[in-house]
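Trainee: Take a look at this one; I'll ask things after.
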Amino acid sequence: MPEKKLDSAHYYNIAQLRVESWNTLKSESTKLHSFPRGSEDEKTHKKILGQLLKDLEGVECFFAFPGLSCIDSLREMLERQEHTALSHKIAEITKNLVSDRYRSNPDFLEDEDPGTDLSDKGEYTEVAKKNYFEVMFVEDISQAEENKLRNDLKEMRLSNEQFAYGIVVQRSFEDALIALQFNFNIQAVVIRYAPPYHSKKITPVIKPFIQNILKLKYSSKAPTELGPILGTMIKKFRPELDTYYVTDTALSNLKDSTLKTFRRIFYRTEDLQELHLTVIRGISERYETPFFSALKDYSKKPTGIFHAMPISRGNSVFKSRWINDFGNFYGRNMFLAETSSTTGGLDSLLQPTGSLKKAQQKASDAYGSRNTYFVTNGTSTANKIVVQALVKPGDVILIDRDCHKSHHYGLVLAGAYPVYLDSYPIEEYSMYGAVPLEQIKEKLLQLKKAGRLSLVKMLLLTNCTFDGLVYNVEKVMQEILAIKPDMVFLWDEAWFAFAGFTYNYKQRTGMFAAQKLFNKYQTDSYREEYNAHIKELKKNEIPRLPNPDEVRIRVYSTQSTHKTLSSFRQGSMIHIWDEDFRKKSENTFMEAYMTHTSTSPNYQMLASLDVGRRQVQFEGYELVEKSIELAMVLRAKVNDHPKLKKYFDVLTIGNFIPKKHRKSGIKEYYNSKEGWNRMETAWEQDEFVLDPTKITLHIGRTGVDGDTFKNRYLMDKFNIQINKTSRNTVLFMTNIGTTRGSVTYLTNALLKIADELDQEFKTLSQKEGNNRRDRIKSLTEDFPPLPDFSYFHHSFQAVPGVPGGNIREAFFLAYNEENYEYMPLTDCLPAMEENRVLVASSFIIPYPPGFPVLVPGQVVSKEIIRFLTALDVSEIHGYRADLGLRIFKDNVLNRQKTVSSMGSMGNNAKKKITNLKN
C-alpha cells in the first residue's frame, strides 16, 4: 500500500489543503476497522495515518482549533488502538472545522473536547451570540508559560461580554507572519519583547505557500528591532488588525516610528487585565457601525410623522388592503427605518456632522484613504462627481477609451478635452485589454511638445476591467509623475472594491499605491536614488522617476461597493488620497458632490455601506481569499475534466496579456501537470495581471455565441446569472458571497450542457452539421477586427493636429435636430467609398460592457462600421436600429470648420459665426 502524503502542488492555498487533509484523514481512519488486529495491513495503514497526522501538525500549529493538542490526542488514540473512537473524533473535528461551527460556539474551544458534536447545541444560546476571534501572542516562551498566559486571560473574561477570543502563540518572527497568512481568525496581535527571527516549524507541506515570507531579509536585525519591524509588516499585510507591543524599553528610547506603529504599548510590569480590556475595546471600536446603529435606534422610537414620506413607519402600507403584501414581503423594520429626518441621531449626507460623518471616517480607515464619501446612486455618479470636481472647461484629460460611459458623459459636463487612449485588442475573443504605459507616456509627450502639458489635469483608467485586467498602479503613477509631477489620477475601481483586503490585490489599488509613493518620496534614500537616476540619463532620455521637490500625490478611486462587497444596489464610495485636497479641491469637490447627490438619499443603502465596512474589517481577508480559492477551483475543474474541456476553455493570463507585458513569464495560474503557479511574483512585477475571480470561459467549440449561451442555456435552463458575454466567451465571477455549493452547481450545469451538446450533435442532419461546423469555425477562427479610436473631426479638435477633442461642443451641437441625420449601417460603407466623412453626433455604446464605440465629434471609420455590424449584444445605447447611425450633416461640419479655424479672432466675430448653428 503506497504511503499517503500531502502533495501541496495541487492545492491552491493552505485553506484548501487543510480542509482536504482533514477529509482524507477522516476517510483513511474509517478503513482501520476493516483490517485484522496486528495484521501487516493494519500496521501499514497506521503508518499512513501517522504520516497524515505529522503533515497536519505542521499546519495546525498556526491555529487554535483543532490545534496541536488535538493532533497529539489523536496520535495517542492511534497508538492505543482506539480505532472506533479515533474515527468518530476525527469525523466530528472535520465536521466542526468545515462547517465553522466552532466559531459559533467559542466557549467550546476552552471547555470541551474538539471532537464534540456541536450540531445539537443550537444557534440561539448566549454563547452562540458571541463573536469569536483569536489573539496572537508573539514571544519565545515555554509551553508552561503559554498555559499560564492562556489561563490568566481566561479568568479575566466575563460571561456577558459580546466577544470571546482564543489564544494563538507563535515563537518567532517568521511563525507570526505565517500564522497571519494562514489564520483568518486572528484579529489582534500582541508582540511581547524580542522574538527570534527564524521559524522551527516550516515543513515541506507548507513551504510552497509561504514563499513571500521566506524572501524577507530581516534575519540580520537585532532581536530588539524585530518587534517593531513585525508591527510594520502586519500593517502592510493585514492593516485592519489591532497591534500591541509589550516592552521594557524606556519611553524616551522608543522611536517615533514604533510609537506610530502600535495601537498601544505596554510594559512588562503592567497588569494583564489592562491588555485584555484594551484588546476588547479595539474590537468593539471596529465593530461599531455609527449610522446603522443610529438608524436602528431611530426605528425603535415612537414617532409622529408630520413630514414627507407616507411610507415612513409603514403607515401607508400595512393599513392598506391593496399593498400590504408589499409590506409583508420586505418586513416591518424596513419601513420603521424609512424616514426623511436628518436629526434624532441620524445625519445629513450632504453636510454630515454626526453618525454619517463617523461612518465615512471609519470607511476611510478601512480602505486606506485620507477622505471617503458615500455615494447612493452608483459609481456612474461617483465618476461624474470626481471629474466635475477636478476638471474645468479647457482642461485636458488622458482617458481610456474603453472606460465606462459615465466618464465620457462626465467630460461633456465638465467641458474638458479628452485624449483617448486605446487598449490593446484581444481580437480572438472580441474584447479589449488595457492601455500600455508606453502609449500613455507617448500621448503625454506629444502634448508636451505641443505646449499643452500645463493643461493636462488628469489620467483616468479603469483598474480591473470588466474582464479582470489590473494595472501596475504604482509603476504607472511613478512614471507619469516623472513627466507631469502634479498629475491627478482617477482610478475607476468599480469592480475592485474587495481588493484592499488581501495583500496581492491591495498593492495594485489606488489608495495603497498613493500612500506608498507619498512615503517613499519623503525619504532621503529616494532623493539619492533620484539623483543617481538623473545622472545616468542619456541626452533627451525621459526620466522614469519624479522629482521629489515637485511631485504631488493626488489620487482618487471610485468604487462600486455593491458589485463585490456587501451593500445594497447602487451603494458606492469615493476614496481620496490627495495631499492638496484641502488646499485645491475640497470646495470644488463639495460643489460637485452637492450637484449630483440627492437631498433625500436612501438610508438603507447608507446603512449597508456602514455595515459592509464592518464586515471587511473583520472578515474581508478571509472572504476575499475564499472567493479567489473558489475561482481557482473552478479553473482547475474545467481544465481537468475531459467532458468539460471538450467544449470549454478557461482563458489564461497568456490569452489576455501579451508576453511583453509579463515580466514574470507566468502565463497561467494552473495546469494539470504542474499544478498551481504562485501569483505573487506576477502581481509584484508585471505591467498587467489577471484577476482570477473573473473567469472567462471560451465557448467557441459549442457553436453557440455568447449571448445565446447565456440566455438559452445558463439562464433559461439553470437560472445562472452572469455578468458579460462576448462573441465567443461568457464571464463568470466569484465574490465574497460565492459558496462551494454555487461552484458545484455551476460545474454540474456545465456538465449537463456538455451532455446536451453531445446529444444534439448526434442528431443533426448533414446540412445542420455543416452549418454547425461553419458556426464553430466562425467562432474559433474568424475574428472580426476590433476598432481603435479613430480621431476627432478637425471641426472638433481642441488644437488641430494635437491629441484632444471638444466632445462637449459636439454633444450639444446635436441638441438641434437640424444639425444631424440618420444613416442605416448598410449605407455607411458605400458613403465612405464616395469619400464622404461621417462624424458621430451621439455616443454609441454597446451594453454590455458599456463603453463607447463612438463619441460625439468622432470620425466613423470603416472598422467601426464592420464592428457594429458584427455585434451580437441585445443593447446598443444611442443607436436606432430602425433609423441607423446618427451623424452630423455635411453643411454643419463645414460651418464648424469655419468657426474652429478662426483661431485668434475676437469674441464678437466668433459669436456672429457661431450663431449659424442656431
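Going through the C-alpha cells in order, the chains are called A, B, and so on, while each chain numbers its residues from 1 and the ligands are numbered from 1 in the order shown.
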Quick one: pick out all alpha helix (DSSP H) residues within region 568-647 of chain A from a backbone DSSP run and write them as a short mmCIF file (atom, residue, chain, number, x, y, z; two decimals) with all heavy atoms, in the first residue's frame.
Mentor:
```cif
data_model
loop_
_atom_site.label_atom_id
_atom_site.label_comp_id
_atom_site.auth_asym_id
_atom_site.auth_seq_id
_atom_site.Cartn_x
_atom_site.Cartn_y
_atom_site.Cartn_z
N GLU A 586 -11.10 70.70 -2.21
CA GLU A 586 -12.22 70.38 -1.33
C GLU A 586 -13.47 71.17 -1.69
O GLU A 586 -14.59 70.61 -1.73
CB GLU A 586 -11.84 70.63 0.12
CG GLU A 586 -12.92 70.19 1.10
CD GLU A 586 -12.48 70.31 2.55
OE1 GLU A 586 -11.62 71.16 2.85
OE2 GLU A 586 -13.02 69.56 3.38
N ASN A 587 -13.34 72.47 -1.95
CA ASN A 587 -14.51 73.29 -2.26
C ASN A 587 -15.19 72.84 -3.55
O ASN A 587 -16.41 72.69 -3.61
CB ASN A 587 -14.12 74.76 -2.35
CG ASN A 587 -13.75 75.35 -1.00
OD1 ASN A 587 -14.20 74.85 0.03
ND2 ASN A 587 -12.93 76.38 -0.99
N THR A 588 -14.37 72.63 -4.60
CA THR A 588 -14.98 72.21 -5.87
C THR A 588 -15.53 70.79 -5.77
O THR A 588 -16.55 70.48 -6.40
CB THR A 588 -13.95 72.28 -7.01
OG1 THR A 588 -12.79 71.50 -6.67
CG2 THR A 588 -13.53 73.71 -7.27
N PHE A 589 -14.87 69.95 -4.95
CA PHE A 589 -15.41 68.59 -4.77
C PHE A 589 -16.78 68.65 -4.12
O PHE A 589 -17.72 67.96 -4.55
CB PHE A 589 -14.45 67.75 -3.92
CG PHE A 589 -14.95 66.34 -3.71
CD1 PHE A 589 -14.65 65.34 -4.62
CD2 PHE A 589 -15.75 66.03 -2.62
CE1 PHE A 589 -15.13 64.06 -4.43
CE2 PHE A 589 -16.24 64.75 -2.43
CZ PHE A 589 -15.92 63.74 -3.34
N MET A 590 -16.91 69.45 -3.07
CA MET A 590 -18.20 69.52 -2.39
C MET A 590 -19.28 70.12 -3.28
O MET A 590 -20.44 69.71 -3.21
CB MET A 590 -18.06 70.33 -1.10
CG MET A 590 -17.22 69.66 -0.02
SD MET A 590 -17.63 67.91 0.27
CE MET A 590 -19.37 68.02 0.70
N GLU A 591 -18.91 71.08 -4.15
CA GLU A 591 -19.88 71.61 -5.10
C GLU A 591 -20.36 70.51 -6.05
O GLU A 591 -21.56 70.37 -6.33
CB GLU A 591 -19.27 72.77 -5.90
CG GLU A 591 -19.05 74.04 -5.12
CD GLU A 591 -20.35 74.72 -4.71
OE1 GLU A 591 -21.42 74.37 -5.28
OE2 GLU A 591 -20.31 75.57 -3.82
N ALA A 592 -19.41 69.72 -6.57
CA ALA A 592 -19.78 68.63 -7.47
C ALA A 592 -20.59 67.57 -6.73
O ALA A 592 -21.55 67.00 -7.27
CB ALA A 592 -18.52 68.00 -8.08
N TYR A 593 -20.23 67.30 -5.48
CA TYR A 593 -20.95 66.32 -4.67
C TYR A 593 -22.39 66.79 -4.44
O TYR A 593 -23.34 66.00 -4.54
CB TYR A 593 -20.22 66.15 -3.34
CG TYR A 593 -20.66 64.98 -2.50
CD1 TYR A 593 -20.34 63.67 -2.86
CD2 TYR A 593 -21.39 65.17 -1.33
CE1 TYR A 593 -20.73 62.60 -2.08
CE2 TYR A 593 -21.79 64.11 -0.54
CZ TYR A 593 -21.45 62.82 -0.91
OH TYR A 593 -21.85 61.76 -0.13
N MET A 594 -22.55 68.07 -4.16
CA MET A 594 -23.89 68.65 -3.99
C MET A 594 -24.68 68.57 -5.30
O MET A 594 -25.89 68.33 -5.30
CB MET A 594 -23.79 70.11 -3.55
CG MET A 594 -23.15 70.32 -2.20
SD MET A 594 -24.27 69.97 -0.85
CE MET A 594 -23.27 70.51 0.55
N THR A 595 -23.99 68.79 -6.41
CA THR A 595 -24.67 68.78 -7.71
C THR A 595 -25.31 67.44 -8.00
O THR A 595 -26.43 67.36 -8.52
CB THR A 595 -23.66 69.12 -8.83
OG1 THR A 595 -23.11 70.40 -8.59
CG2 THR A 595 -24.32 69.09 -10.20
N HIS A 596 -24.62 66.37 -7.67
CA HIS A 596 -25.06 65.04 -8.11
C HIS A 596 -25.68 64.19 -7.01
O HIS A 596 -26.18 63.11 -7.29
CB HIS A 596 -23.86 64.28 -8.69
CG HIS A 596 -23.34 64.87 -9.96
ND1 HIS A 596 -23.93 64.64 -11.18
CD2 HIS A 596 -22.28 65.68 -10.20
CE1 HIS A 596 -23.25 65.28 -12.12
NE2 HIS A 596 -22.25 65.93 -11.56
N TYR A 603 -31.52 55.78 3.11
CA TYR A 603 -30.85 55.46 4.36
C TYR A 603 -30.47 53.98 4.47
O TYR A 603 -29.49 53.62 5.12
CB TYR A 603 -31.73 55.86 5.55
CG TYR A 603 -31.66 57.32 5.89
CD1 TYR A 603 -32.43 57.85 6.93
CD2 TYR A 603 -30.83 58.20 5.21
CE1 TYR A 603 -32.37 59.19 7.27
CE2 TYR A 603 -30.76 59.55 5.52
CZ TYR A 603 -31.53 60.04 6.55
OH TYR A 603 -31.46 61.38 6.88
N GLN A 604 -31.29 53.12 3.86
CA GLN A 604 -30.97 51.69 3.93
C GLN A 604 -29.64 51.42 3.21
O GLN A 604 -28.84 50.59 3.64
CB GLN A 604 -32.08 50.85 3.32
CG GLN A 604 -33.50 51.31 3.58
CD GLN A 604 -33.77 51.61 5.04
OE1 GLN A 604 -33.27 50.92 5.91
NE2 GLN A 604 -34.53 52.66 5.31
N MET A 605 -29.43 52.12 2.10
CA MET A 605 -28.19 51.97 1.35
C MET A 605 -27.01 52.46 2.17
O MET A 605 -25.95 51.83 2.22
CB MET A 605 -28.29 52.71 0.03
CG MET A 605 -27.21 52.37 -0.97
SD MET A 605 -27.34 53.41 -2.42
CE MET A 605 -29.03 53.14 -2.89
N LEU A 606 -27.17 53.62 2.81
CA LEU A 606 -26.10 54.16 3.63
C LEU A 606 -25.77 53.22 4.79
O LEU A 606 -24.60 53.00 5.13
CB LEU A 606 -26.49 55.54 4.16
CG LEU A 606 -26.61 56.65 3.12
CD1 LEU A 606 -27.23 57.90 3.75
CD2 LEU A 606 -25.25 56.98 2.54
N ALA A 607 -26.79 52.64 5.39
CA ALA A 607 -26.57 51.69 6.48
C ALA A 607 -25.82 50.46 5.98
O ALA A 607 -24.95 49.92 6.67
CB ALA A 607 -27.90 51.29 7.10
N SER A 608 -26.15 50.03 4.76
CA SER A 608 -25.47 48.85 4.22
C SER A 608 -24.00 49.14 3.94
O SER A 608 -23.14 48.26 4.11
CB SER A 608 -26.17 48.36 2.94
OG SER A 608 -25.93 49.22 1.84
N LEU A 609 -23.67 50.36 3.54
CA LEU A 609 -22.27 50.73 3.35
C LEU A 609 -21.52 50.72 4.69
O LEU A 609 -20.36 50.30 4.77
CB LEU A 609 -22.16 52.12 2.70
CG LEU A 609 -22.60 52.22 1.24
CD1 LEU A 609 -22.65 53.68 0.81
CD2 LEU A 609 -21.66 51.44 0.33
N ASP A 610 -22.20 51.17 5.72
CA ASP A 610 -21.62 51.20 7.07
C ASP A 610 -21.35 49.78 7.56
O ASP A 610 -20.26 49.46 8.05
CB ASP A 610 -22.58 51.93 8.00
CG ASP A 610 -21.94 52.33 9.33
OD1 ASP A 610 -20.70 52.28 9.43
OD2 ASP A 610 -22.69 52.69 10.26
N VAL A 611 -22.33 48.91 7.41
CA VAL A 611 -22.19 47.52 7.86
C VAL A 611 -21.19 46.76 7.00
O VAL A 611 -20.41 45.94 7.50
CB VAL A 611 -23.57 46.81 7.85
CG1 VAL A 611 -23.41 45.34 8.14
CG2 VAL A 611 -24.49 47.45 8.88
N GLY A 612 -21.20 47.04 5.70
CA GLY A 612 -20.24 46.38 4.81
C GLY A 612 -18.81 46.71 5.19
O GLY A 612 -17.91 45.87 5.08
N ARG A 613 -18.59 47.94 5.66
CA ARG A 613 -17.25 48.31 6.15
C ARG A 613 -16.87 47.47 7.35
O ARG A 613 -15.75 46.97 7.46
CB ARG A 613 -17.25 49.80 6.50
CG ARG A 613 -15.89 50.36 6.91
CD ARG A 613 -15.59 50.18 8.39
NE ARG A 613 -16.70 50.55 9.23
CZ ARG A 613 -16.86 50.10 10.46
NH1 ARG A 613 -15.98 49.26 11.00
NH2 ARG A 613 -17.90 50.46 11.18
N ARG A 614 -17.80 47.28 8.27
CA ARG A 614 -17.51 46.44 9.44
C ARG A 614 -17.12 45.03 9.00
O ARG A 614 -16.15 44.44 9.50
CB ARG A 614 -18.71 46.38 10.37
CG ARG A 614 -18.47 45.47 11.58
CD ARG A 614 -19.73 44.76 12.02
NE ARG A 614 -20.60 45.62 12.81
CZ ARG A 614 -21.84 45.28 13.17
NH1 ARG A 614 -22.35 44.12 12.77
NH2 ARG A 614 -22.58 46.10 13.88
N GLN A 615 -17.86 44.51 8.04
CA GLN A 615 -17.59 43.15 7.60
C GLN A 615 -16.18 42.99 7.04
O GLN A 615 -15.46 42.05 7.39
CB GLN A 615 -18.61 42.72 6.54
CG GLN A 615 -18.38 41.30 6.04
CD GLN A 615 -19.36 40.88 4.96
OE1 GLN A 615 -19.69 41.67 4.08
NE2 GLN A 615 -19.83 39.66 5.03
N VAL A 616 -15.77 43.90 6.15
CA VAL A 616 -14.47 43.71 5.53
C VAL A 616 -13.33 43.92 6.52
O VAL A 616 -12.25 43.34 6.36
CB VAL A 616 -14.27 44.63 4.30
CG1 VAL A 616 -15.20 44.21 3.18
CG2 VAL A 616 -14.45 46.10 4.64
N GLN A 617 -13.56 44.71 7.57
CA GLN A 617 -12.50 44.88 8.56
C GLN A 617 -12.32 43.65 9.42
O GLN A 617 -11.22 43.38 9.90
CB GLN A 617 -12.78 46.11 9.43
CG GLN A 617 -12.43 47.43 8.74
CD GLN A 617 -12.28 48.56 9.73
OE1 GLN A 617 -13.24 48.95 10.38
NE2 GLN A 617 -11.08 49.10 9.84
N PHE A 618 -13.39 42.88 9.61
CA PHE A 618 -13.27 41.67 10.43
C PHE A 618 -13.03 40.41 9.60
O PHE A 618 -12.26 39.54 10.01
CB PHE A 618 -14.53 41.48 11.28
CG PHE A 618 -14.54 42.33 12.51
CD1 PHE A 618 -15.36 43.43 12.61
CD2 PHE A 618 -13.71 42.03 13.58
CE1 PHE A 618 -15.36 44.23 13.74
CE2 PHE A 618 -13.70 42.82 14.72
CZ PHE A 618 -14.53 43.92 14.81
N GLU A 619 -13.68 40.29 8.46
CA GLU A 619 -13.56 39.04 7.70
C GLU A 619 -13.29 39.25 6.22
O GLU A 619 -13.41 38.33 5.43
CB GLU A 619 -14.81 38.19 7.90
CG GLU A 619 -16.12 38.88 7.56
CD GLU A 619 -17.34 38.03 7.89
OE1 GLU A 619 -17.17 36.83 8.24
OE2 GLU A 619 -18.46 38.55 7.81
N GLY A 620 -12.90 40.49 5.85
CA GLY A 620 -12.59 40.74 4.46
C GLY A 620 -11.47 39.87 3.94
O GLY A 620 -11.56 39.30 2.85
N TYR A 621 -10.39 39.75 4.73
CA TYR A 621 -9.26 38.92 4.31
C TYR A 621 -9.69 37.49 4.05
O TYR A 621 -9.37 36.89 3.02
CB TYR A 621 -8.17 38.98 5.38
CG TYR A 621 -6.98 38.10 5.11
CD1 TYR A 621 -6.17 38.30 4.00
CD2 TYR A 621 -6.65 37.06 5.98
CE1 TYR A 621 -5.08 37.49 3.76
CE2 TYR A 621 -5.56 36.25 5.75
CZ TYR A 621 -4.78 36.46 4.64
OH TYR A 621 -3.70 35.66 4.39
N GLU A 622 -10.44 36.94 4.96
CA GLU A 622 -10.90 35.56 4.81
C GLU A 622 -11.82 35.39 3.60
O GLU A 622 -11.63 34.49 2.78
CB GLU A 622 -11.65 35.13 6.08
CG GLU A 622 -12.29 33.76 5.98
CD GLU A 622 -13.08 33.39 7.23
OE1 GLU A 622 -13.21 34.24 8.14
OE2 GLU A 622 -13.55 32.26 7.29
N LEU A 623 -12.80 36.27 3.47
CA LEU A 623 -13.80 36.12 2.41
C LEU A 623 -13.20 36.35 1.03
O LEU A 623 -13.55 35.65 0.07
CB LEU A 623 -14.96 37.09 2.65
CG LEU A 623 -15.79 36.83 3.91
CD1 LEU A 623 -16.86 37.89 4.07
CD2 LEU A 623 -16.42 35.44 3.88
N VAL A 624 -12.30 37.31 0.92
CA VAL A 624 -11.66 37.55 -0.38
C VAL A 624 -10.78 36.38 -0.76
O VAL A 624 -10.80 35.90 -1.91
CB VAL A 624 -10.85 38.87 -0.35
CG1 VAL A 624 -10.02 39.01 -1.62
CG2 VAL A 624 -11.78 40.06 -0.20
N GLU A 625 -10.00 35.87 0.19
CA GLU A 625 -9.16 34.71 -0.10
C GLU A 625 -9.99 33.51 -0.50
O GLU A 625 -9.63 32.74 -1.40
CB GLU A 625 -8.29 34.38 1.11
CG GLU A 625 -7.12 35.33 1.32
CD GLU A 625 -6.04 35.16 0.27
OE1 GLU A 625 -5.87 34.05 -0.27
OE2 GLU A 625 -5.36 36.16 -0.04
N LYS A 626 -11.13 33.32 0.14
CA LYS A 626 -12.00 32.20 -0.22
C LYS A 626 -12.60 32.37 -1.61
O LYS A 626 -12.76 31.40 -2.35
CB LYS A 626 -13.11 32.03 0.83
CG LYS A 626 -12.62 31.39 2.11
CD LYS A 626 -13.76 31.13 3.08
CE LYS A 626 -13.25 30.40 4.32
NZ LYS A 626 -14.34 30.15 5.30
N SER A 627 -12.94 33.62 -1.96
CA SER A 627 -13.51 33.85 -3.30
C SER A 627 -12.46 33.56 -4.37
O SER A 627 -12.78 33.04 -5.45
CB SER A 627 -14.04 35.28 -3.43
OG SER A 627 -12.99 36.23 -3.48
N ILE A 628 -11.19 33.89 -4.09
CA ILE A 628 -10.11 33.58 -5.03
C ILE A 628 -9.92 32.07 -5.11
O ILE A 628 -9.79 31.50 -6.21
CB ILE A 628 -8.80 34.25 -4.58
CG1 ILE A 628 -8.95 35.78 -4.55
CG2 ILE A 628 -7.66 33.88 -5.52
CD1 ILE A 628 -7.80 36.50 -3.86
N GLU A 629 -9.94 31.41 -3.97
CA GLU A 629 -9.78 29.96 -3.94
C GLU A 629 -10.86 29.27 -4.77
O GLU A 629 -10.58 28.37 -5.56
CB GLU A 629 -9.85 29.46 -2.49
CG GLU A 629 -9.77 27.94 -2.36
CD GLU A 629 -10.12 27.46 -0.96
OE1 GLU A 629 -10.07 28.27 -0.01
OE2 GLU A 629 -10.46 26.28 -0.83
N LEU A 630 -12.11 29.71 -4.62
CA LEU A 630 -13.21 29.08 -5.37
C LEU A 630 -13.06 29.31 -6.87
O LEU A 630 -13.38 28.44 -7.68
CB LEU A 630 -14.55 29.61 -4.87
CG LEU A 630 -14.95 29.16 -3.46
CD1 LEU A 630 -16.22 29.86 -3.01
CD2 LEU A 630 -15.13 27.65 -3.40
N ALA A 631 -12.56 30.50 -7.24
CA ALA A 631 -12.31 30.77 -8.65
C ALA A 631 -11.24 29.82 -9.19
O ALA A 631 -11.34 29.32 -10.32
CB ALA A 631 -11.88 32.22 -8.84
N MET A 632 -10.21 29.60 -8.40
CA MET A 632 -9.15 28.70 -8.82
C MET A 632 -9.64 27.26 -8.92
O MET A 632 -9.27 26.52 -9.84
CB MET A 632 -7.98 28.79 -7.83
CG MET A 632 -7.29 30.15 -7.79
SD MET A 632 -6.54 30.61 -9.36
CE MET A 632 -5.45 31.94 -8.83
N VAL A 633 -10.48 26.86 -7.98
CA VAL A 633 -11.05 25.51 -8.01
C VAL A 633 -11.86 25.30 -9.29
O VAL A 633 -11.76 24.25 -9.95
CB VAL A 633 -11.94 25.27 -6.77
CG1 VAL A 633 -12.77 24.00 -6.93
CG2 VAL A 633 -11.08 25.18 -5.51
N LEU A 634 -12.65 26.30 -9.66
CA LEU A 634 -13.44 26.21 -10.89
C LEU A 634 -12.52 26.11 -12.11
O LEU A 634 -12.77 25.31 -13.03
CB LEU A 634 -14.37 27.41 -11.01
CG LEU A 634 -15.26 27.46 -12.26
CD1 LEU A 634 -16.14 26.23 -12.35
CD2 LEU A 634 -16.10 28.73 -12.25
N ARG A 635 -11.47 26.91 -12.13
CA ARG A 635 -10.50 26.83 -13.24
C ARG A 635 -9.94 25.42 -13.38
O ARG A 635 -9.87 24.85 -14.47
CB ARG A 635 -9.33 27.80 -12.97
CG ARG A 635 -9.58 29.22 -13.38
CD ARG A 635 -8.33 30.05 -13.11
NE ARG A 635 -8.36 31.26 -13.92
CZ ARG A 635 -9.07 32.32 -13.64
NH1 ARG A 635 -9.82 32.32 -12.55
NH2 ARG A 635 -9.06 33.38 -14.42
N ALA A 636 -9.51 24.87 -12.25
CA ALA A 636 -8.90 23.54 -12.27
C ALA A 636 -9.90 22.48 -12.73
O ALA A 636 -9.55 21.56 -13.48
CB ALA A 636 -8.34 23.19 -10.89
N LYS A 637 -11.14 22.62 -12.29
CA LYS A 637 -12.16 21.62 -12.65
C LYS A 637 -12.40 21.60 -14.15
O LYS A 637 -12.47 20.52 -14.77
CB LYS A 637 -13.46 21.95 -11.91
CG LYS A 637 -14.52 20.86 -12.03
CD LYS A 637 -14.09 19.59 -11.31
CE LYS A 637 -15.18 18.54 -11.32
NZ LYS A 637 -14.73 17.30 -10.65
N VAL A 638 -12.53 22.77 -14.77
CA VAL A 638 -12.76 22.82 -16.22
C VAL A 638 -11.53 22.32 -16.97
O VAL A 638 -11.64 21.58 -17.95
CB VAL A 638 -13.12 24.26 -16.66
CG1 VAL A 638 -13.25 24.34 -18.18
CG2 VAL A 638 -14.42 24.72 -15.99
N ASN A 639 -10.35 22.68 -16.49
CA ASN A 639 -9.11 22.24 -17.16
C ASN A 639 -8.92 20.73 -17.09
O ASN A 639 -8.38 20.12 -18.02
CB ASN A 639 -7.90 22.93 -16.53
CG ASN A 639 -7.73 24.36 -17.00
OD1 ASN A 639 -8.17 24.71 -18.08
ND2 ASN A 639 -7.12 25.18 -16.18
N ASP A 640 -9.33 20.12 -15.98
CA ASP A 640 -9.02 18.71 -15.74
C ASP A 640 -10.10 17.75 -16.23
O ASP A 640 -9.82 16.57 -16.48
CB ASP A 640 -8.79 18.47 -14.25
CG ASP A 640 -7.50 19.11 -13.74
OD1 ASP A 640 -6.68 19.51 -14.60
OD2 ASP A 640 -7.33 19.22 -12.52
N LEU A 644 -15.68 18.51 -19.85
CA LEU A 644 -15.77 19.97 -19.87
C LEU A 644 -14.78 20.58 -20.86
O LEU A 644 -15.11 21.51 -21.59
CB LEU A 644 -15.54 20.53 -18.47
CG LEU A 644 -16.62 20.23 -17.43
CD1 LEU A 644 -16.24 20.81 -16.07
CD2 LEU A 644 -17.98 20.76 -17.86
N LYS A 645 -13.56 20.07 -20.87
CA LYS A 645 -12.57 20.68 -21.76
C LYS A 645 -12.78 20.30 -23.23
O LYS A 645 -12.10 20.83 -24.10
CB LYS A 645 -11.15 20.33 -21.32
CG LYS A 645 -10.77 18.88 -21.35
CD LYS A 645 -9.36 18.72 -20.75
CE LYS A 645 -8.89 17.28 -20.75
NZ LYS A 645 -7.56 17.14 -20.13
N LYS A 646 -13.75 19.44 -23.47
CA LYS A 646 -14.13 19.14 -24.85
C LYS A 646 -14.78 20.35 -25.50
O LYS A 646 -14.60 20.61 -26.70
CB LYS A 646 -15.09 17.95 -24.87
CG LYS A 646 -15.60 17.56 -26.26
CD LYS A 646 -16.53 16.36 -26.15
CE LYS A 646 -17.08 15.97 -27.53
NZ LYS A 646 -18.01 14.82 -27.43
N TYR A 647 -15.55 21.11 -24.71
CA TYR A 647 -16.28 22.26 -25.25
C TYR A 647 -15.83 23.61 -24.70
O TYR A 647 -16.08 24.64 -25.31
CB TYR A 647 -17.78 22.11 -24.94
CG TYR A 647 -18.44 20.99 -25.69
CD1 TYR A 647 -18.83 19.83 -25.03
CD2 TYR A 647 -18.68 21.08 -27.06
CE1 TYR A 647 -19.45 18.79 -25.71
CE2 TYR A 647 -19.29 20.05 -27.75
CZ TYR A 647 -19.67 18.90 -27.07
OH TYR A 647 -20.27 17.88 -27.76
#
```
Trainee: Would you list the contacts of Leu481 (chain A) as JSON, numbers by chain, taking every protein, DNA or RNA residue within 8 Å and counting only C-alpha atoms, but skipping same-chain residues closer than 3 positions in sequence?
Mentor: {"A": [477, 478, 484, 485, 486, 487, 545, 546, 551]}
Trainee: For the selection just defined, write its residues with N, CA, C and O atoms to a file, as a short mmCIF file (atom, residue, chain, number, x, y, z; two decimals), in the first residue's frame.
Mentor:
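Now in result-v9.cif:
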```cif
data_model
loop_
_atom_site.label_atom_id
_atom_site.label_comp_id
_atom_site.auth_asym_id
_atom_site.auth_seq_id
_atom_site.Cartn_x
_atom_site.Cartn_y
_atom_site.Cartn_z
N MET A 477 1.79 55.37 -12.01
CA MET A 477 1.81 56.70 -11.38
C MET A 477 3.23 57.25 -11.29
O MET A 477 3.46 58.44 -11.54
N GLN A 478 4.18 56.42 -10.96
CA GLN A 478 5.55 56.90 -10.82
C GLN A 478 6.09 57.44 -12.14
O GLN A 478 6.68 58.52 -12.19
N LYS A 484 4.82 64.58 -15.57
CA LYS A 484 3.83 65.58 -15.13
C LYS A 484 3.67 65.43 -13.61
O LYS A 484 2.83 64.66 -13.13
N PRO A 485 4.49 66.12 -12.81
CA PRO A 485 4.55 65.84 -11.36
C PRO A 485 3.30 66.20 -10.58
O PRO A 485 3.16 65.77 -9.43
N ASP A 486 2.37 66.95 -11.17
CA ASP A 486 1.14 67.31 -10.47
C ASP A 486 -0.07 66.61 -11.07
O ASP A 486 -1.21 67.04 -10.84
N MET A 487 0.14 65.54 -11.82
CA MET A 487 -0.98 64.83 -12.45
C MET A 487 -1.94 64.29 -11.39
O MET A 487 -1.54 63.74 -10.36
N LEU A 545 11.65 58.52 -12.91
CA LEU A 545 11.40 58.83 -11.50
C LEU A 545 11.04 60.31 -11.37
O LEU A 545 11.68 61.17 -11.99
N PRO A 546 10.04 60.65 -10.57
CA PRO A 546 9.65 62.06 -10.40
C PRO A 546 10.59 62.80 -9.46
O PRO A 546 11.21 62.21 -8.57
N VAL A 551 6.97 66.68 -7.00
CA VAL A 551 5.90 65.70 -7.12
C VAL A 551 4.81 65.92 -6.07
O VAL A 551 5.09 66.27 -4.92
#
```
